[in-house]
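Participant: As input, take structure_35.pdb (PDB, C-alpha atoms and all ligand atoms):
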```pdb
ATOM      1  CA  MET H  28       0.000   0.000   0.000  1.00  0.00           C
ATOM      2  CA  ASN H  29       1.425   3.380  -0.891  1.00  0.00           C
ATOM      3  CA  ILE H  30       1.438   6.210   1.622  1.00  0.00           C
ATOM      4  CA  GLU H  31      -1.397   8.094  -0.020  1.00  0.00           C
ATOM      5  CA  ASP H  32      -3.699   5.073   0.045  1.00  0.00           C
ATOM      6  CA  ALA H  33      -2.758   4.428   3.668  1.00  0.00           C
ATOM      7  CA  ILE H  34      -3.482   8.013   4.739  1.00  0.00           C
ATOM      8  CA  PHE H  35      -6.855   8.251   3.033  1.00  0.00           C
ATOM      9  CA  SER H  36      -8.187   4.733   3.596  1.00  0.00           C
ATOM     10  CA  ARG H  37      -7.093   4.329   7.238  1.00  0.00           C
ATOM     11  CA  ARG H  38     -10.009   4.154   9.644  1.00  0.00           C
ATOM     12  CA  THR H  39     -10.459   3.687  13.342  1.00  0.00           C
ATOM     13  CA  ILE H  40     -11.709   0.128  13.737  1.00  0.00           C
ATOM     14  CA  HIS H  41     -14.236  -0.840  16.405  1.00  0.00           C
ATOM     15  CA  ARG H  42     -15.251  -4.355  15.401  1.00  0.00           C
ATOM     16  CA  PHE H  43     -12.643  -7.055  14.943  1.00  0.00           C
ATOM     17  CA  LYS H  44     -12.459 -10.633  13.758  1.00  0.00           C
ATOM     18  CA  PRO H  45     -11.426 -12.976  16.585  1.00  0.00           C
ATOM     19  CA  GLU H  46      -8.086 -13.942  14.980  1.00  0.00           C
ATOM     20  CA  VAL H  47      -5.028 -12.759  16.866  1.00  0.00           C
ATOM     21  CA  ILE H  48      -2.121 -10.990  15.215  1.00  0.00           C
ATOM     22  CA  GLU H  49       1.100 -12.959  15.061  1.00  0.00           C
ATOM     23  CA  PRO H  50       3.739 -11.593  17.508  1.00  0.00           C
ATOM     24  CA  GLY H  51       6.231 -11.032  14.659  1.00  0.00           C
ATOM     25  CA  LEU H  52       3.761  -8.849  12.800  1.00  0.00           C
ATOM     26  CA  LEU H  53       2.955  -6.885  15.949  1.00  0.00           C
ATOM     27  CA  ASP H  54       6.659  -6.250  16.521  1.00  0.00           C
ATOM     28  CA  GLU H  55       7.015  -5.029  12.949  1.00  0.00           C
ATOM     29  CA  ILE H  56       4.072  -2.655  13.436  1.00  0.00           C
ATOM     30  CA  LEU H  57       5.283  -1.272  16.783  1.00  0.00           C
ATOM     31  CA  ALA H  58       8.865  -0.931  15.542  1.00  0.00           C
ATOM     32  CA  ALA H  59       7.632   1.449  12.840  1.00  0.00           C
ATOM     33  CA  GLY H  60       6.616   3.808  15.653  1.00  0.00           C
ATOM     34  CA  LEU H  61      10.243   4.077  16.738  1.00  0.00           C
ATOM     35  CA  TRP H  62      10.818   6.196  13.617  1.00  0.00           C
ATOM     36  CA  ALA H  63       8.439   8.950  14.669  1.00  0.00           C
ATOM     37  CA  GLN H  64       9.892  12.415  14.913  1.00  0.00           C
ATOM     38  CA  ASN H  65      10.780  13.372  18.475  1.00  0.00           C
ATOM     39  CA  HIS H  66      12.408  16.550  19.694  1.00  0.00           C
ATOM     40  CA  ARG H  67      15.850  16.071  21.278  1.00  0.00           C
ATOM     41  CA  LEU H  68      15.605  12.380  20.442  1.00  0.00           C
ATOM     42  CA  THR H  69      14.011  11.623  23.786  1.00  0.00           C
ATOM     43  CA  GLN H  70      12.203   8.584  22.314  1.00  0.00           C
ATOM     44  CA  PRO H  71       9.626   8.982  25.083  1.00  0.00           C
ATOM     45  CA  TRP H  72       7.182   6.246  24.010  1.00  0.00           C
ATOM     46  CA  ARG H  73       6.786   3.007  25.904  1.00  0.00           C
ATOM     47  CA  PHE H  74       4.685   0.062  24.724  1.00  0.00           C
ATOM     48  CA  THR H  75       3.094  -2.514  27.005  1.00  0.00           C
ATOM     49  CA  VAL H  76       1.839  -5.564  25.152  1.00  0.00           C
ATOM     50  CA  VAL H  77      -1.001  -7.085  27.145  1.00  0.00           C
ATOM     51  CA  GLY H  78      -1.092 -10.852  27.634  1.00  0.00           C
ATOM     52  CA  PRO H  79      -4.294 -12.903  28.106  1.00  0.00           C
ATOM     53  CA  GLU H  80      -4.280 -12.787  31.924  1.00  0.00           C
ATOM     54  CA  THR H  81      -3.932  -9.005  32.045  1.00  0.00           C
ATOM     55  CA  HIS H  82      -6.430  -8.623  29.191  1.00  0.00           C
ATOM     56  CA  ARG H  83      -9.048 -10.419  31.288  1.00  0.00           C
ATOM     57  CA  ALA H  84      -8.150  -8.351  34.344  1.00  0.00           C
ATOM     58  CA  LEU H  85      -8.433  -5.096  32.374  1.00  0.00           C
ATOM     59  CA  ALA H  86     -11.849  -6.183  31.100  1.00  0.00           C
ATOM     60  CA  GLY H  87     -12.854  -6.643  34.750  1.00  0.00           C
ATOM     61  CA  VAL H  88     -11.566  -3.169  35.634  1.00  0.00           C
ATOM     62  CA  TYR H  89     -13.487  -1.689  32.726  1.00  0.00           C
ATOM     63  CA  ALA H  90     -16.694  -3.521  33.697  1.00  0.00           C
ATOM     64  CA  ALA H  91     -16.425  -2.434  37.326  1.00  0.00           C
ATOM     65  CA  PHE H  92     -15.783   1.138  36.267  1.00  0.00           C
ATOM     66  CA  LYS H  93     -18.821   1.434  33.975  1.00  0.00           C
ATOM     67  CA  PRO H  94     -21.533   2.635  36.394  1.00  0.00           C
ATOM     68  CA  GLY H  95     -24.913   0.977  36.047  1.00  0.00           C
ATOM     69  CA  SER H  96     -23.915  -1.089  33.046  1.00  0.00           C
ATOM     70  CA  ASN H  97     -24.358  -4.793  32.439  1.00  0.00           C
ATOM     71  CA  ARG H  98     -20.979  -6.001  33.661  1.00  0.00           C
ATOM     72  CA  ASP H  99     -20.728  -8.983  31.343  1.00  0.00           C
ATOM     73  CA  ALA H 100     -21.529  -6.853  28.309  1.00  0.00           C
ATOM     74  CA  ALA H 101     -19.048  -4.203  29.429  1.00  0.00           C
ATOM     75  CA  ALA H 102     -16.302  -6.795  29.952  1.00  0.00           C
ATOM     76  CA  GLU H 103     -17.078  -8.300  26.556  1.00  0.00           C
ATOM     77  CA  LYS H 104     -16.422  -4.918  24.961  1.00  0.00           C
ATOM     78  CA  ILE H 105     -12.777  -5.223  26.018  1.00  0.00           C
ATOM     79  CA  LEU H 106     -12.528  -9.001  25.602  1.00  0.00           C
ATOM     80  CA  SER H 107     -13.732  -8.699  21.998  1.00  0.00           C
ATOM     81  CA  LYS H 108     -10.604  -6.727  21.095  1.00  0.00           C
ATOM     82  CA  PRO H 109      -8.063  -9.343  19.992  1.00  0.00           C
ATOM     83  CA  LEU H 110      -4.963  -7.557  21.238  1.00  0.00           C
ATOM     84  CA  LEU H 111      -4.275  -4.631  23.563  1.00  0.00           C
ATOM     85  CA  VAL H 112      -1.122  -2.533  23.632  1.00  0.00           C
ATOM     86  CA  ALA H 113      -0.873   0.342  26.086  1.00  0.00           C
ATOM     87  CA  VAL H 114       1.150   3.354  25.020  1.00  0.00           C
ATOM     88  CA  SER H 115       2.721   5.469  27.697  1.00  0.00           C
ATOM     89  CA  VAL H 116       5.049   8.424  27.617  1.00  0.00           C
ATOM     90  CA  THR H 117       7.925   9.075  29.959  1.00  0.00           C
ATOM     91  CA  LEU H 118       7.349  12.126  32.167  1.00  0.00           C
ATOM     92  CA  ALA H 119      10.096  14.709  31.738  1.00  0.00           C
ATOM     93  CA  GLN H 120      10.719  17.250  34.502  1.00  0.00           C
ATOM     94  CA  ASP H 121      10.562  20.186  32.106  1.00  0.00           C
ATOM     95  CA  ALA H 122       6.984  21.206  31.155  1.00  0.00           C
ATOM     96  CA  GLN H 123       7.782  22.032  27.516  1.00  0.00           C
ATOM     97  CA  GLN H 124       9.682  18.769  27.077  1.00  0.00           C
ATOM     98  CA  ARG H 125       6.690  16.899  28.531  1.00  0.00           C
ATOM     99  CA  ARG H 126       4.438  18.566  25.989  1.00  0.00           C
ATOM    100  CA  GLU H 127       6.776  17.731  23.148  1.00  0.00           C
ATOM    101  CA  ASP H 128       7.190  14.162  24.370  1.00  0.00           C
ATOM    102  CA  TYR H 129       3.407  13.710  24.364  1.00  0.00           C
ATOM    103  CA  ALA H 130       3.315  15.078  20.826  1.00  0.00           C
ATOM    104  CA  ALA H 131       6.083  12.690  19.768  1.00  0.00           C
ATOM    105  CA  ALA H 132       4.278   9.703  21.292  1.00  0.00           C
ATOM    106  CA  CYS H 133       1.134  10.713  19.368  1.00  0.00           C
ATOM    107  CA  CYS H 134       3.211  10.834  16.170  1.00  0.00           C
ATOM    108  CA  ALA H 135       4.375   7.292  16.968  1.00  0.00           C
ATOM    109  CA  VAL H 136       0.774   6.118  17.413  1.00  0.00           C
ATOM    110  CA  GLN H 137      -0.178   7.566  14.039  1.00  0.00           C
ATOM    111  CA  ILE H 138       2.707   5.794  12.325  1.00  0.00           C
ATOM    112  CA  ILE H 139       1.819   2.560  14.108  1.00  0.00           C
ATOM    113  CA  GLN H 140      -1.797   2.801  12.968  1.00  0.00           C
ATOM    114  CA  LEU H 141      -0.758   3.479   9.379  1.00  0.00           C
ATOM    115  CA  MET H 142       1.764   0.637   9.423  1.00  0.00           C
ATOM    116  CA  ALA H 143      -0.855  -1.710  10.859  1.00  0.00           C
ATOM    117  CA  TRP H 144      -3.332  -0.606   8.203  1.00  0.00           C
ATOM    118  CA  SER H 145      -0.842  -1.268   5.440  1.00  0.00           C
ATOM    119  CA  ARG H 146      -0.601  -4.846   6.754  1.00  0.00           C
ATOM    120  CA  GLY H 147      -4.393  -5.291   6.876  1.00  0.00           C
ATOM    121  CA  VAL H 148      -4.524  -4.808  10.642  1.00  0.00           C
ATOM    122  CA  GLY H 149      -7.025  -2.400  12.178  1.00  0.00           C
ATOM    123  CA  MET H 150      -6.642  -0.346  15.328  1.00  0.00           C
ATOM    124  CA  GLN H 151      -8.626   1.783  17.708  1.00  0.00           C
ATOM    125  CA  TRP H 152      -6.870   4.232  19.987  1.00  0.00           C
ATOM    126  CA  SER H 153      -8.822   4.252  23.242  1.00  0.00           C
ATOM    127  CA  THR H 154      -8.495   7.035  25.756  1.00  0.00           C
ATOM    128  CA  SER H 155     -11.464   5.805  27.783  1.00  0.00           C
ATOM    129  CA  PRO H 156     -11.222   7.018  31.399  1.00  0.00           C
ATOM    130  CA  PHE H 157     -10.564   3.426  32.453  1.00  0.00           C
ATOM    131  CA  THR H 158      -7.127   3.721  30.804  1.00  0.00           C
ATOM    132  CA  ARG H 159      -6.201   6.251  33.495  1.00  0.00           C
ATOM    133  CA  LEU H 160      -7.342   4.350  36.587  1.00  0.00           C
ATOM    134  CA  PRO H 161      -4.769   3.359  39.234  1.00  0.00           C
ATOM    135  CA  GLU H 162      -5.849  -0.283  38.814  1.00  0.00           C
ATOM    136  CA  THR H 163      -5.048  -0.039  35.106  1.00  0.00           C
ATOM    137  CA  TYR H 164      -1.605   1.400  35.815  1.00  0.00           C
ATOM    138  CA  ASP H 165      -0.953  -1.428  38.267  1.00  0.00           C
ATOM    139  CA  LEU H 166      -1.974  -4.086  35.763  1.00  0.00           C
ATOM    140  CA  LEU H 167       0.269  -2.484  33.124  1.00  0.00           C
ATOM    141  CA  HIS H 168       3.213  -2.349  35.558  1.00  0.00           C
ATOM    142  CA  CYS H 169       3.307   1.377  34.843  1.00  0.00           C
ATOM    143  CA  ASN H 170       4.611   3.750  37.520  1.00  0.00           C
ATOM    144  CA  PRO H 171       2.468   6.936  37.292  1.00  0.00           C
ATOM    145  CA  GLU H 172       5.321   9.008  38.660  1.00  0.00           C
ATOM    146  CA  LYS H 173       7.476   8.041  35.688  1.00  0.00           C
ATOM    147  CA  GLU H 174       5.058   7.429  32.833  1.00  0.00           C
ATOM    148  CA  GLU H 175       1.645   8.557  31.710  1.00  0.00           C
ATOM    149  CA  VAL H 176      -0.628   6.178  29.807  1.00  0.00           C
ATOM    150  CA  ILE H 177      -1.813   8.053  26.724  1.00  0.00           C
ATOM    151  CA  GLY H 178      -4.098   5.312  25.547  1.00  0.00           C
ATOM    152  CA  ILE H 179      -4.629   1.653  24.941  1.00  0.00           C
ATOM    153  CA  LEU H 180      -4.486   0.523  21.341  1.00  0.00           C
ATOM    154  CA  PHE H 181      -6.892  -2.226  20.314  1.00  0.00           C
ATOM    155  CA  PHE H 182      -5.533  -4.234  17.391  1.00  0.00           C
ATOM    156  CA  GLY H 183      -7.076  -6.891  15.209  1.00  0.00           C
ATOM    157  CA  TYR H 184      -8.221  -7.762  11.732  1.00  0.00           C
ATOM    158  CA  PRO H 185     -11.224  -5.566  10.889  1.00  0.00           C
ATOM    159  CA  ALA H 186     -14.666  -7.205  10.896  1.00  0.00           C
ATOM    160  CA  GLU H 187     -16.080  -3.946   9.613  1.00  0.00           C
ATOM    161  CA  VAL H 188     -14.517  -0.809   8.214  1.00  0.00           C
ATOM    162  CA  PRO H 189     -16.655   2.239   9.025  1.00  0.00           C
ATOM    163  CA  ALA H 190     -17.464   4.848   6.415  1.00  0.00           C
ATOM    164  CA  PRO H 191     -15.069   7.773   6.606  1.00  0.00           C
ATOM    165  CA  PRO H 192     -16.319  10.428   9.032  1.00  0.00           C
ATOM    166  CA  SER H 193     -16.443  13.714   7.160  1.00  0.00           C
ATOM    167  CA  ARG H 194     -13.725  16.315   7.533  1.00  0.00           C
ATOM    168  CA  LYS H 195     -14.017  20.081   7.318  1.00  0.00           C
ATOM    169  CA  PRO H 196     -12.767  21.351   3.993  1.00  0.00           C
ATOM    170  CA  LEU H 197      -9.304  22.807   4.027  1.00  0.00           C
ATOM    171  CA  HIS H 198     -10.446  26.385   3.504  1.00  0.00           C
ATOM    172  CA  GLU H 199     -12.348  26.272   6.840  1.00  0.00           C
ATOM    173  CA  VAL H 200      -9.249  25.462   8.815  1.00  0.00           C
ATOM    174  CA  MET H 201      -6.614  27.367   6.893  1.00  0.00           C
ATOM    175  CA  ARG H 202      -5.738  31.027   6.704  1.00  0.00           C
ATOM    176  CA  ARG H 203      -3.133  32.679   4.625  1.00  0.00           C
ATOM    177  CA  VAL H 204      -1.223  35.634   5.934  1.00  0.00           C
ATOM    178  CA  PRO H 205       0.591  38.118   3.726  1.00  0.00           C
TER
HETATM  179  C1  LIG I   1      -5.969  11.334  21.111  1.00  0.00           C
HETATM  180  C2  LIG I   1      -7.055  10.483  20.497  1.00  0.00           C
HETATM  181  C3  LIG I   1      -7.904   9.765  21.321  1.00  0.00           C
HETATM  182  C4  LIG I   1      -8.890   8.943  20.780  1.00  0.00           C
HETATM  183  N1  LIG I   1      -9.692   8.229  21.625  1.00  0.00           N
HETATM  184  C5  LIG I   1     -10.664   7.444  21.122  1.00  0.00           C
HETATM  185  C6  LIG I   1     -11.480   6.688  21.991  1.00  0.00           C
HETATM  186  O1  LIG I   1     -11.349   6.733  23.214  1.00  0.00           O
HETATM  187  N2  LIG I   1     -12.412   5.894  21.438  1.00  0.00           N
HETATM  188  C7  LIG I   1     -12.571   5.816  20.074  1.00  0.00           C
HETATM  189  O2  LIG I   1     -13.448   5.071  19.621  1.00  0.00           O
HETATM  190  N3  LIG I   1     -11.794   6.502  19.229  1.00  0.00           N
HETATM  191  C8  LIG I   1     -10.835   7.319  19.711  1.00  0.00           C
HETATM  192  N4  LIG I   1     -10.010   8.008  18.860  1.00  0.00           N
HETATM  193  C9  LIG I   1     -10.194   7.877  17.405  1.00  0.00           C
HETATM  194  C10 LIG I   1     -11.121   8.957  16.872  1.00  0.00           C
HETATM  195  O3  LIG I   1     -12.399   8.832  17.437  1.00  0.00           O
HETATM  196  C11 LIG I   1     -11.167   8.821  15.343  1.00  0.00           C
HETATM  197  O4  LIG I   1      -9.880   9.088  14.825  1.00  0.00           O
HETATM  198  C12 LIG I   1     -12.184   9.750  14.710  1.00  0.00           C
HETATM  199  O5  LIG I   1     -13.482   9.346  15.017  1.00  0.00           O
HETATM  200  C13 LIG I   1     -12.021   9.796  13.186  1.00  0.00           C
HETATM  201  O6  LIG I   1     -12.158   8.500  12.630  1.00  0.00           O
HETATM  202  P1  LIG I   1     -11.021   7.857  11.722  1.00  0.00           P
HETATM  203  O7  LIG I   1      -9.845   7.603  12.630  1.00  0.00           O
HETATM  204  O8  LIG I   1     -11.607   6.611  11.175  1.00  0.00           O
HETATM  205  O9  LIG I   1     -10.683   8.848  10.648  1.00  0.00           O
HETATM  206  C14 LIG I   1      -9.035   8.845  19.368  1.00  0.00           C
HETATM  207  C15 LIG I   1      -8.170   9.565  18.546  1.00  0.00           C
HETATM  208  C16 LIG I   1      -7.185  10.369  19.094  1.00  0.00           C
HETATM  209  C17 LIG I   1      -6.254  11.148  18.188  1.00  0.00           C
END
```
Please render this file's structure as structure tokens.
Ligand SMILES: Cc1cc2nc3c(=O)[nH]c(=O)nc-3n(C[C@H](O)[C@H](O)[C@H](O)COP(=O)(O)O)c2cc1C
Facilitator:
Amino acid sequence: MNIEDAIFSRRTIHRFKPEVIEPGLLDEILAAGLWAQNHRLTQPWRFTVVGPETHRALAGVYAAFKPGSNRDAAAEKILSKPLLVAVSVTLAQDAQQRREDYAAACCAVQIIQLMAWSRGVGMQWSTSPFTRLPETYDLLHCNPEKEEVIGILFFGYPAEVPAPPSRKPLHEVMRRVP
């Protein structure tokens, strides 16, 4: 897939086939993220690949967190995602560096999603509040004093590719200055 096709056809995927992604392919996809631009070469991204035991535990955290919901259905929402990878960013002391490190980690996520897409693998970037709970940090072995979880990526082969949500035309978001 060329870059133009990848950029325009990429979609956030919500429904996945049950098949898991081979570990070698996942490594190839995540390794693409290492080539994201990052100011001062801080390489601030960290990836936590979630195994089956932690996946089940995270589904339990999610279900418990959803107030008033049917717990089994809520847990199934997480269990139906074939593979979870948490992305965190190291927390620099300097406020501007922290901001730039977050930006760099987001660049890495975009590259990862495009790389996955080019291999036929879909992804949803979840920033659901449950990704920020202390229980979630514990399960991910993530020290909140050192790293911030910026999302959990759900990977799998798409069962359905949504229609592209519309975008504002360029002229609405662009100005030219003399
Ligand atoms: C920082 C960030 C957080 C996001 N969090 C969520 C999320 O929690 N749940 C979700 O379904 N999609 C999430 N998305 C994906 C957007 O909803 C999605 O990109 C948007 O609807 C446009 O769809 P597209 O990616 O198919 O073009 C997030 C995207 C970004 C950049």
Participant: Could you tell me how far atom CA of Phe92 of chain H sits from atom CA of Ser155 of chain H, in Å to one decimal place?
Facilitator: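 If I compute the distance from atom CA of Ser155 of chain H to atom CA of Phe92 of chain H, I get 10.6 Å.
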Participant: Quick one: everything within 10 Å of segment 120-131 of chain H, counting only C-alpha atoms, minus sequence neighbours fewer than 4 positions away in the same chain. Send it as an mmCIF file with C-alpha atoms, keeping the file's coordinate frame.
Facilitator:
```
data_model
loop_
_atom_site.group_PDB
_atom_site.id
_atom_site.type_symbol
_atom_site.label_atom_id
_atom_site.label_comp_id
_atom_site.auth_asym_id
_atom_site.auth_seq_id
_atom_site.Cartn_x
_atom_site.Cartn_y
_atom_site.Cartn_z
ATOM 1 C CA GLY H 60 6.616 3.808 15.653
ATOM 2 C CA ALA H 63 8.439 8.950 14.669
ATOM 3 C CA GLN H 64 9.892 12.415 14.913
ATOM 4 C CA ASN H 65 10.780 13.372 18.475
ATOM 5 C CA HIS H 66 12.408 16.550 19.694
ATOM 6 C CA ARG H 67 15.850 16.071 21.278
ATOM 7 C CA LEU H 68 15.605 12.380 20.442
ATOM 8 C CA THR H 69 14.011 11.623 23.786
ATOM 9 C CA GLN H 70 12.203 8.584 22.314
ATOM 10 C CA PRO H 71 9.626 8.982 25.083
ATOM 11 C CA TRP H 72 7.182 6.246 24.010
ATOM 12 C CA SER H 115 2.721 5.469 27.697
ATOM 13 C CA VAL H 116 5.049 8.424 27.617
ATOM 14 C CA ALA H 135 4.375 7.292 16.968
ATOM 15 C CA VAL H 136 0.774 6.118 17.413
ATOM 16 C CA GLN H 137 -0.178 7.566 14.039
ATOM 17 C CA LYS H 173 7.476 8.041 35.688
ATOM 18 C CA GLU H 175 1.645 8.557 31.710
ATOM 19 C CA ILE H 177 -1.813 8.053 26.724
#
```
Participant: When you look at Thr39 of chain H with a cut-off of 8 Å (counting all atoms listed in the file), what residues show up, excluding the ones that are within fewer than 2 positions of it in the same chain? I need them as a VMD selection string.
Facilitator: chain H and resid 37 41 149 to 152 188 to 189
Participant: Go through H:Met201, H:Val176, H:Leu106, H:Cys133 and flag the residue nearest ligand LIG 1 (chain I), using all atoms listed in the file for the distances.
Facilitator: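 The answer is H:Cys133, which sits nearest to ligand LIG 1 (chain I).
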Participant: Interatomic distance between atom C14 of ligand LIG 1 (chain I) and atom CA of Arg98 of chain H?
Facilitator: 23.8 Å
Participant: Counting all atoms listed in the file, what is within 12 Å of segment 83-88 of chain H, bar same-chain residues fewer than 3 positions away, as a ChimeraX atom specification?
Facilitator: /H:77-80,91-94,97-113,155-167,179
Participant: May I have the residues from that selection written out with C-alpha atoms, as a compact mmCIF listing (two decimals), in the frame of the given file?
Facilitator:
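Result file is out-v2.txt:
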```txt
# COMPACT_ATOMS: atom_id res chain seq x y z
CA VAL H 77 -1.00 -7.08 27.14
CA GLY H 78 -1.09 -10.85 27.63
CA PRO H 79 -4.29 -12.90 28.11
CA GLU H 80 -4.28 -12.79 31.92
CA ALA H 91 -16.42 -2.43 37.33
CA PHE H 92 -15.78 1.14 36.27
CA LYS H 93 -18.82 1.43 33.98
CA PRO H 94 -21.53 2.64 36.39
CA ASN H 97 -24.36 -4.79 32.44
CA ARG H 98 -20.98 -6.00 33.66
CA ASP H 99 -20.73 -8.98 31.34
CA ALA H 100 -21.53 -6.85 28.31
CA ALA H 101 -19.05 -4.20 29.43
CA ALA H 102 -16.30 -6.80 29.95
CA GLU H 103 -17.08 -8.30 26.56
CA LYS H 104 -16.42 -4.92 24.96
CA ILE H 105 -12.78 -5.22 26.02
CA LEU H 106 -12.53 -9.00 25.60
CA SER H 107 -13.73 -8.70 22.00
CA LYS H 108 -10.60 -6.73 21.10
CA PRO H 109 -8.06 -9.34 19.99
CA LEU H 110 -4.96 -7.56 21.24
CA LEU H 111 -4.28 -4.63 23.56
CA VAL H 112 -1.12 -2.53 23.63
CA ALA H 113 -0.87 0.34 26.09
CA SER H 155 -11.46 5.80 27.78
CA PRO H 156 -11.22 7.02 31.40
CA PHE H 157 -10.56 3.43 32.45
CA THR H 158 -7.13 3.72 30.80
CA ARG H 159 -6.20 6.25 33.49
CA LEU H 160 -7.34 4.35 36.59
CA PRO H 161 -4.77 3.36 39.23
CA GLU H 162 -5.85 -0.28 38.81
CA THR H 163 -5.05 -0.04 35.11
CA TYR H 164 -1.60 1.40 35.82
CA ASP H 165 -0.95 -1.43 38.27
CA LEU H 166 -1.97 -4.09 35.76
CA LEU H 167 0.27 -2.48 33.12
CA ILE H 179 -4.63 1.65 24.94
```
Participant: Just to confirm, what's the straight-line distance from atom C7 of ligand LIG 1 (chain I) to atom CA of Glu55 of chain H in Å (one decimal)?
Facilitator: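 Value for the atom C7 of ligand LIG 1 (chain I)-atom CA of Glu55 of chain H distance: 23.5 Å.
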Participant: Which residues are close to Ile34 of chain H, i.e. within 10 Å by all atoms listed in the file, leaving aside same-chain residues fewer than 5 positions away? Reply as a PDB file with C-alpha atoms, keeping the file's coordinate frame.
Facilitator:
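Output file around_16.pdb follows:
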```pdb
ATOM      1  CA  MET H  28       0.000   0.000   0.000  1.00  0.00           C
ATOM      2  CA  ASN H  29       1.425   3.380  -0.891  1.00  0.00           C
ATOM      3  CA  GLN H 137      -0.178   7.566  14.039  1.00  0.00           C
ATOM      4  CA  GLN H 140      -1.797   2.801  12.968  1.00  0.00           C
ATOM      5  CA  LEU H 141      -0.758   3.479   9.379  1.00  0.00           C
ATOM      6  CA  TRP H 144      -3.332  -0.606   8.203  1.00  0.00           C
ATOM      7  CA  SER H 145      -0.842  -1.268   5.440  1.00  0.00           C
TER       8      SER H 145
END
```
Participant: Set up a box along x, y and z of the file covering all listed atoms of ligand LIG 1 (chain I), add 3 Å on every one of the six sides, and write the centre and edge lengths in Å to one decimal, as lines of an AutoDock Vina configuration file.
Facilitator:
```
center_x = -9.7
center_y = 8.2
center_z = 16.9
size_x = 13.5
size_y = 12.3
size_z = 18.6
```
Participant: Please list as a VMD selection string every residue within 8 Å of Arg42 of chain H, counting only C-alpha atoms and excluding residues in the same chain fewer than 6 positions away.
Facilitator: chain H and resid 108 185 to 187
Participant: Just write the chosen residues, C-alpha atoms, as a short mmCIF file (atom, residue, chain, number, x, y, z; two decimals), in the coordinates of the input.
Facilitator:
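Heads up, here's the output in again28.cif:
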```cif
data_model
loop_
_atom_site.label_atom_id
_atom_site.label_comp_id
_atom_site.auth_asym_id
_atom_site.auth_seq_id
_atom_site.Cartn_x
_atom_site.Cartn_y
_atom_site.Cartn_z
CA LYS H 108 -10.60 -6.73 21.10
CA PRO H 185 -11.22 -5.57 10.89
CA ALA H 186 -14.67 -7.20 10.90
CA GLU H 187 -16.08 -3.95 9.61
#
```
Participant: Restricting the calculation to all atoms listed in the file: of H:Phe74, H:Val148, H:Cys134, H:Thr81, which residue gets closest to ligand LIG 1 (chain I)?
Facilitator: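 Of H:Phe74, H:Val148, H:Cys134, H:Thr81, the one nearest ligand LIG 1 (chain I) is H:Cys134, counting all atoms listed in the file.
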Participant: Tell me which of H:Ala143, H:Val47, H:Ala59, H:Leu118 sits closest to Glu172 of chain H, counting only C-alpha atoms.
Facilitator: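 Ranking H:Ala143, H:Val47, H:Ala59, H:Leu118 by distance to Glu172 of chain H, first place goes to H:Leu118.
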Participant: Using only C-alpha atoms for the distances, tell me which of H:Ala119, H:Ile30, H:Leu180, H:Val200 is nearest to Leu53 of chain H.
Facilitator: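 Using only C-alpha atoms, the shortest distance to Leu53 of chain H belongs to H:Leu180.
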Participant: For a quick check of understanding, using only C-alpha atoms and all ligand atoms, which of H:Ile139, H:Ile56, H:Val204, H:Ala190 has the smallest distance to ligand LIG 1 (chain I)?
Facilitator: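 Among the listed residues, H:Ala190 lies closest to ligand LIG 1 (chain I).
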Participant: Which residue, H:Ile40, H:Gly183, H:His82, H:Arg146, has the smallest gap to ligand LIG 1 (chain I) when you use all atoms listed in the file?
Facilitator: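 Nearest to ligand LIG 1 (chain I): H:Ile40.
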